[in-house]
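Engineer: Shown below is the structure under consideration.
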Amino acid sequence: MANVMVPQKEFELKFEVEPSTLRRLSRIQPIKAVNKLPKHTTEVSVYFDTSKHRLHRKGLMLRVRRIGSRHVQTIKTAGNSAPIERNEWETEISGAKPDLSMIDGTPLEDLITKKVRRRLEPMFETRIRRTTYSLVNNERAIELTIDRGKIDTGAGSLPVCELELELKRGSKNQLFEIARTLTNGLPAQVLLKSKAERGYELIDGSKDLPVKAIPVHLPVACNARDGFRVIGFACLKQIIDNVPALGSADPEGVHQMRVGVRRLRAAMSLFGTLLHDDQTGTIKTEFKWLAGELTPAREFEVLTERVIAPLKKQRRRLPDGVPSFSTALARKHKAALARAKDAVASARFRTLTFEAATWLELGRWMKPEDDLVRSRGEVPTEVFAAEQLQRRYRKVRKRGKELAQLNAKDRHKLRIQVKKLRYAAEFFGGVFQSKKSMKRQKKFTSALKQLQDGLGDLNDIAVDERLIASAGPRNSVFAAGLLTGREEAREREAMEAATQGHGKLVKVKPFWR
């Protein structure tokens, strides 16, 4: 008779730390209070998949871990509601290869066909020296683990230095309280990425590269409150996952982190009726700060890409004043990148990302005292999504009719409305999956993208003109005039694209009906 495995809920917080800071741990109260010596183990884990990463693409992980002479097989999901909460199926097996007779009752059961069985192979391994402290009292049991080692694919490797806090007994609040004490005592960046994800990035060459938004998969039949939690964590993950790229001053890393911030702020606006508390206000303020630190670097990058670079490419000899003007802009761009990099390396950023994760998991908005707010949060996501999409679509459709008459300030307001509508369509798109809805959704998204791109170009042009007017040295007046004239020519094209996009949008039938 087959062994049917029962899932265990794993709830853990991960932090990335510099090895040199670990000596501070002994001075932090929860560690000082531990009476027992920590346990030390060496663990070698091999991760298995097909050459096309079939398991990984389905949000699953299969590994075999060797601890001394024992072998433990683990299957994990990516997490339906948050990256810090996952289902896992764990069992001891007799050897170093997966025992596929022990997958009944797990998500692998339907996925592992005979063909997939034949194609399973080792992908990478982790070699970890693990130090574990038991933080136990009458109210809770939490394991603090220090993992040091590396992830190795055979062709390349990367170091690992992480802290993990796993809840064994007690409440999530207690886990986050311990985590807050730790992060106050040493610089630690909360992680929403597993070792498995980092291993796959090493294989496909995307390690430390800019990370785009991941698709949002809302659980079936979830309510609006749970839907926001899932969306919020997806946005926060994009922000945190771009820390390495931004740390190397990659302009695209700045852009993608900024996209993550915009998406999260848009989600907070979409779900604004559920978020009436002082905690939310503080989180909003801090993300506004982060957006302000990232924006100048992105603005100078756009100006350089769309105005300066084409001019240099088209002309063998640049007009008088343009070289010195370009040099001045490059200096300002470099300074803006340094500002963004410093912000993300700061204690304020680390605190923001940790507190945002805490807020998404345990914030007061999750258990509102107000009856009306509580009832709004319990509305099915499909109903909530349709209401939000319809309301925002109506605004964009109405305001867009006056596009040609709008000044730059009002066009900017329309652009923000369009952006929120597009993010809403992305967040909620998976809720409406009938063939008719999906067909309409494709047309809707295409028209909305054209409108947003046109409005985005118009906004970039206005920003470029402001930067050109303020960034050049005094002897580059001619260069500034030349560049501004080129921007005015771009404006006509952008306006035409935006107008066409709006025209297509009003003709598309809403996909949420």
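Lettering and numbering for the structure tokens are positional, with chains as A, B, ... in the shown order, residues counted from 1 in each chain, and ligands counted from 1 in the shown order.
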At a cut-off of 12 Å, using only C-alpha atoms, what residues contact A:Ile239? Leave out same-chain residues fewer than 6 positions from it and give the result as a ChimeraX atom specification.
Structural biologist: /A:189-193,210-214,232-233,245-246,253-265,287,290-291,294,344,349-350,352-354,356-357
Engineer: Using only C-alpha atoms, determine which residues lie at most 12 Å from A:His276, disregarding the query and same-chain residues fewer than 3 positions distant; provide the list as a list in words.
Structural biologist: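 My reading of the contact set: Met268, Ser269, Phe271, Gly272, Thr273, Gln279, Thr280, Gly281, Thr282, Lys284, Gly363, Arg364, Trp365, Met366, Lys367, Pro368, Glu369, Asp370, Leu372, Val373, Arg374, Arg376 and Gly377 of chain A.
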Engineer: Return the single residue from A:Phe325, A:Phe384, A:Tyr133, A:Phe15 that is closest to A:His40, with distances computed using only C-alpha atoms.
Structural biologist: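 For A:His40, the nearest of the candidates is A:Tyr133.
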Engineer: Using only C-alpha atoms, which protein or nucleic acid residues come within 8 Å of A:Ser51? Drop anything in the same chain fewer than 3 positions from it, and give the result as a ChimeraX atom specification.
Structural biologist: /A:54,119-121
Engineer: Hey, what's within 12 Å of A:Pro219 if we count only C-alpha atoms and toss same-chain stuff fewer than 3 positions away? As a list in words, please?
Structural biologist: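 In the requested format, the answer is Gly79, Asn80, Ser81, Ala82, Val216, Cys222, Asn223, Ala224, Arg225, Asp226, Gly227, Phe228, Arg229, Val230, Ile231, Pro380, Thr381, Glu382, Phe428, Gly430 and Val431 of chain A.
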Engineer: Could you tell me which of A:Arg169, A:Arg66, A:Arg118, A:Arg86 comes closest to A:Asn138 if we count only C-alpha atoms?
Structural biologist: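 Among the listed residues, the smallest separation from A:Asn138 belongs to A:Arg169.
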Engineer: Skipping near chain neighbours, those fewer than 5 positions away, what residues fall within 12 Å of A:Asp208 using only C-alpha atoms, listed as a list in words?
Structural biologist: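 Answer for this query is Leu158, Glu197, Arg198, Gly199, Glu201, Leu202, Ile240, Asp241, Asn242, Val243, Pro244, Ala245, Leu246, Gly247, Ser248, Ala249, Asp250, Glu252 and Gly253 of chain A.
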Engineer: From a DSSP calculation on the backbone, collect every residue of stretch 15-117 of chain A in strand (DSSP E or B) and output the set as an MDAnalysis selection string.
Structural biologist: chainID A and resid 15:16 39:49 60:67 70:77 82 85:93
Engineer: So, with only C-alpha atoms as the atoms that count, which of A:His502, A:Leu329, A:Asn173, A:Gly429 lies closest to A:Leu362?
Structural biologist: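 Checking each candidate against A:Leu362, we get A:Asn173 as the closest.
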Engineer: Excluding A:Leu186 and residues on its chain fewer than 4 positions from it, collect all residues at most 10 Å away from it, counting only C-alpha atoms, and give them as a list in words.
Structural biologist: Val17, Glu18, Thr21, Leu22, Arg23, Arg24, Leu25, Arg27, Ile28, Thr181, Leu182 and Ala347 of chain A
Engineer: Write the selection just made, keeping C-alpha atoms, as a PDB file, in the first residue's frame?
Structural biologist:
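Contents of part33.pdb, freshly written:
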```
ATOM      1  CA  VAL A  17      24.047  38.982   6.518  1.00  0.00           C
ATOM      2  CA  GLU A  18      27.725  39.737   6.063  1.00  0.00           C
ATOM      3  CA  THR A  21      28.715  40.887  11.449  1.00  0.00           C
ATOM      4  CA  LEU A  22      27.878  37.481  12.949  1.00  0.00           C
ATOM      5  CA  ARG A  23      30.082  38.123  15.969  1.00  0.00           C
ATOM      6  CA  ARG A  24      27.447  40.619  17.135  1.00  0.00           C
ATOM      7  CA  LEU A  25      24.924  37.806  17.646  1.00  0.00           C
ATOM      8  CA  ARG A  27      25.467  40.362  22.323  1.00  0.00           C
ATOM      9  CA  ILE A  28      21.786  40.192  21.288  1.00  0.00           C
ATOM     10  CA  THR A 181      15.347  42.248  17.965  1.00  0.00           C
ATOM     11  CA  LEU A 182      17.904  40.563  15.704  1.00  0.00           C
ATOM     12  CA  ALA A 347      19.522  50.691   7.659  1.00  0.00           C
TER      13      ALA A 347
END
```
Engineer: Check the DSSP output for the backbone and give back, as a short mmCIF file (atom, residue, chain, number, x, y, z; two decimals) with N, CA and C atoms, in the first residue's frame, the residues of stretch 88-152 of chain A in helix (DSSP H, G or I).
Structural biologist:
```cif
data_model
loop_
_atom_site.label_atom_id
_atom_site.label_comp_id
_atom_site.auth_asym_id
_atom_site.auth_seq_id
_atom_site.Cartn_x
_atom_site.Cartn_y
_atom_site.Cartn_z
N LEU A 100 10.91 7.95 -5.25
CA LEU A 100 9.65 8.42 -5.82
C LEU A 100 8.46 7.55 -5.42
N SER A 101 8.72 6.54 -4.58
CA SER A 101 7.60 5.80 -4.00
C SER A 101 7.03 6.56 -2.80
N MET A 102 7.71 7.65 -2.43
CA MET A 102 7.31 8.42 -1.25
C MET A 102 6.74 9.78 -1.63
N LEU A 108 3.87 16.47 -6.26
CA LEU A 108 4.66 15.76 -7.28
C LEU A 108 3.93 14.54 -7.83
N GLU A 109 2.94 14.06 -7.11
CA GLU A 109 2.28 12.81 -7.47
C GLU A 109 1.75 12.84 -8.90
N ASP A 110 1.09 13.92 -9.29
CA ASP A 110 0.52 14.02 -10.64
C ASP A 110 1.55 14.51 -11.66
N LEU A 111 2.60 15.15 -11.18
CA LEU A 111 3.59 15.73 -12.09
C LEU A 111 4.64 14.71 -12.54
N LYS A 114 6.14 8.79 -15.97
CA LYS A 114 7.27 7.90 -16.28
C LYS A 114 8.36 8.67 -17.04
N LYS A 115 7.92 9.55 -17.92
CA LYS A 115 8.87 10.34 -18.71
C LYS A 115 9.68 11.27 -17.81
N VAL A 116 8.99 11.93 -16.87
CA VAL A 116 9.68 12.84 -15.96
C VAL A 116 10.62 12.07 -15.04
N ARG A 117 10.21 10.88 -14.58
CA ARG A 117 11.06 10.05 -13.73
C ARG A 117 12.39 9.78 -14.41
N ARG A 118 12.33 9.44 -15.69
CA ARG A 118 13.56 9.11 -16.42
C ARG A 118 14.47 10.32 -16.58
N ARG A 119 13.87 11.51 -16.57
CA ARG A 119 14.66 12.71 -16.87
C ARG A 119 15.11 13.48 -15.63
#
```
Engineer: Could you please determine the separation between atom CA of A:Gln238 and atom CA of A:Gln417 in Å, to one decimal place?
Structural biologist: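 It comes out at 21.9 Å.
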Engineer: Show me, as a VMD selection string, the residues that have an atom within 7 Å of stretch 389-403 of chain A when counting only C-alpha atoms, minus same-chain residues fewer than 4 positions from it.
Structural biologist: chain A and resid 385 414 417 to 418 421 424 502 506
Engineer: Write a file of the selected residues as a PDB file, in the first residue's frame, keeping all heavy atoms.
Structural biologist:
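After the write, result27.pdb holds the following:
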```pdb
ATOM      1  N   ALA A 385     -12.439  42.647  -7.562  1.00  0.00           N
ATOM      2  CA  ALA A 385     -11.652  42.967  -8.752  1.00  0.00           C
ATOM      3  C   ALA A 385     -12.513  43.626  -9.827  1.00  0.00           C
ATOM      4  O   ALA A 385     -12.114  44.628 -10.440  1.00  0.00           O
ATOM      5  CB  ALA A 385     -11.009  41.696  -9.302  1.00  0.00           C
ATOM      6  N   LEU A 414      -3.502  61.585 -15.533  1.00  0.00           N
ATOM      7  CA  LEU A 414      -4.107  60.532 -16.344  1.00  0.00           C
ATOM      8  C   LEU A 414      -3.155  59.345 -16.450  1.00  0.00           C
ATOM      9  O   LEU A 414      -3.586  58.183 -16.365  1.00  0.00           O
ATOM     10  CB  LEU A 414      -4.448  61.060 -17.740  1.00  0.00           C
ATOM     11  CG  LEU A 414      -4.967  60.027 -18.753  1.00  0.00           C
ATOM     12  CD1 LEU A 414      -6.242  59.368 -18.249  1.00  0.00           C
ATOM     13  CD2 LEU A 414      -5.194  60.683 -20.121  1.00  0.00           C
ATOM     14  N   GLN A 417      -3.448  57.236 -13.435  1.00  0.00           N
ATOM     15  CA  GLN A 417      -4.685  56.454 -13.453  1.00  0.00           C
ATOM     16  C   GLN A 417      -4.560  55.255 -14.396  1.00  0.00           C
ATOM     17  O   GLN A 417      -5.017  54.148 -14.082  1.00  0.00           O
ATOM     18  CB  GLN A 417      -5.854  57.340 -13.890  1.00  0.00           C
ATOM     19  CG  GLN A 417      -6.232  58.408 -12.860  1.00  0.00           C
ATOM     20  CD  GLN A 417      -7.316  59.343 -13.369  1.00  0.00           C
ATOM     21  OE1 GLN A 417      -7.599  59.392 -14.564  1.00  0.00           O
ATOM     22  NE2 GLN A 417      -7.921  60.095 -12.468  1.00  0.00           N
ATOM     23  N   VAL A 418      -3.935  55.478 -15.546  1.00  0.00           N
ATOM     24  CA  VAL A 418      -3.745  54.392 -16.510  1.00  0.00           C
ATOM     25  C   VAL A 418      -2.824  53.321 -15.941  1.00  0.00           C
ATOM     26  O   VAL A 418      -3.072  52.120 -16.091  1.00  0.00           O
ATOM     27  CB  VAL A 418      -3.162  54.962 -17.834  1.00  0.00           C
ATOM     28  CG1 VAL A 418      -2.718  53.831 -18.764  1.00  0.00           C
ATOM     29  CG2 VAL A 418      -4.202  55.834 -18.530  1.00  0.00           C
ATOM     30  N   LEU A 421      -4.663  51.219 -13.498  1.00  0.00           N
ATOM     31  CA  LEU A 421      -5.577  50.320 -14.197  1.00  0.00           C
ATOM     32  C   LEU A 421      -4.813  49.145 -14.795  1.00  0.00           C
ATOM     33  O   LEU A 421      -5.264  47.994 -14.720  1.00  0.00           O
ATOM     34  CB  LEU A 421      -6.320  51.078 -15.301  1.00  0.00           C
ATOM     35  CG  LEU A 421      -7.265  50.244 -16.189  1.00  0.00           C
ATOM     36  CD1 LEU A 421      -8.328  49.554 -15.349  1.00  0.00           C
ATOM     37  CD2 LEU A 421      -7.911  51.135 -17.257  1.00  0.00           C
ATOM     38  N   ALA A 424      -3.808  46.828 -12.037  1.00  0.00           N
ATOM     39  CA  ALA A 424      -4.998  46.095 -11.586  1.00  0.00           C
ATOM     40  C   ALA A 424      -5.315  44.954 -12.549  1.00  0.00           C
ATOM     41  O   ALA A 424      -5.665  43.843 -12.126  1.00  0.00           O
ATOM     42  CB  ALA A 424      -6.179  47.043 -11.464  1.00  0.00           C
ATOM     43  N   HIS A 502      -5.869  55.062 -26.597  1.00  0.00           N
ATOM     44  CA  HIS A 502      -7.150  55.330 -25.946  1.00  0.00           C
ATOM     45  C   HIS A 502      -8.311  54.959 -26.860  1.00  0.00           C
ATOM     46  O   HIS A 502      -9.331  54.403 -26.407  1.00  0.00           O
ATOM     47  CB  HIS A 502      -7.249  56.799 -25.542  1.00  0.00           C
ATOM     48  CG  HIS A 502      -8.508  57.128 -24.814  1.00  0.00           C
ATOM     49  ND1 HIS A 502      -9.635  57.609 -25.465  1.00  0.00           N
ATOM     50  CD2 HIS A 502      -8.851  57.014 -23.504  1.00  0.00           C
ATOM     51  CE1 HIS A 502     -10.594  57.795 -24.577  1.00  0.00           C
ATOM     52  NE2 HIS A 502     -10.151  57.443 -23.378  1.00  0.00           N
ATOM     53  N   VAL A 506     -11.304  52.163 -25.675  1.00  0.00           N
ATOM     54  CA  VAL A 506     -12.743  52.386 -25.493  1.00  0.00           C
ATOM     55  C   VAL A 506     -13.586  51.430 -26.346  1.00  0.00           C
ATOM     56  O   VAL A 506     -14.780  51.255 -26.084  1.00  0.00           O
ATOM     57  CB  VAL A 506     -13.120  53.852 -25.820  1.00  0.00           C
ATOM     58  CG1 VAL A 506     -12.439  54.809 -24.868  1.00  0.00           C
ATOM     59  CG2 VAL A 506     -12.790  54.204 -27.264  1.00  0.00           C
TER      60      VAL A 506
END
```
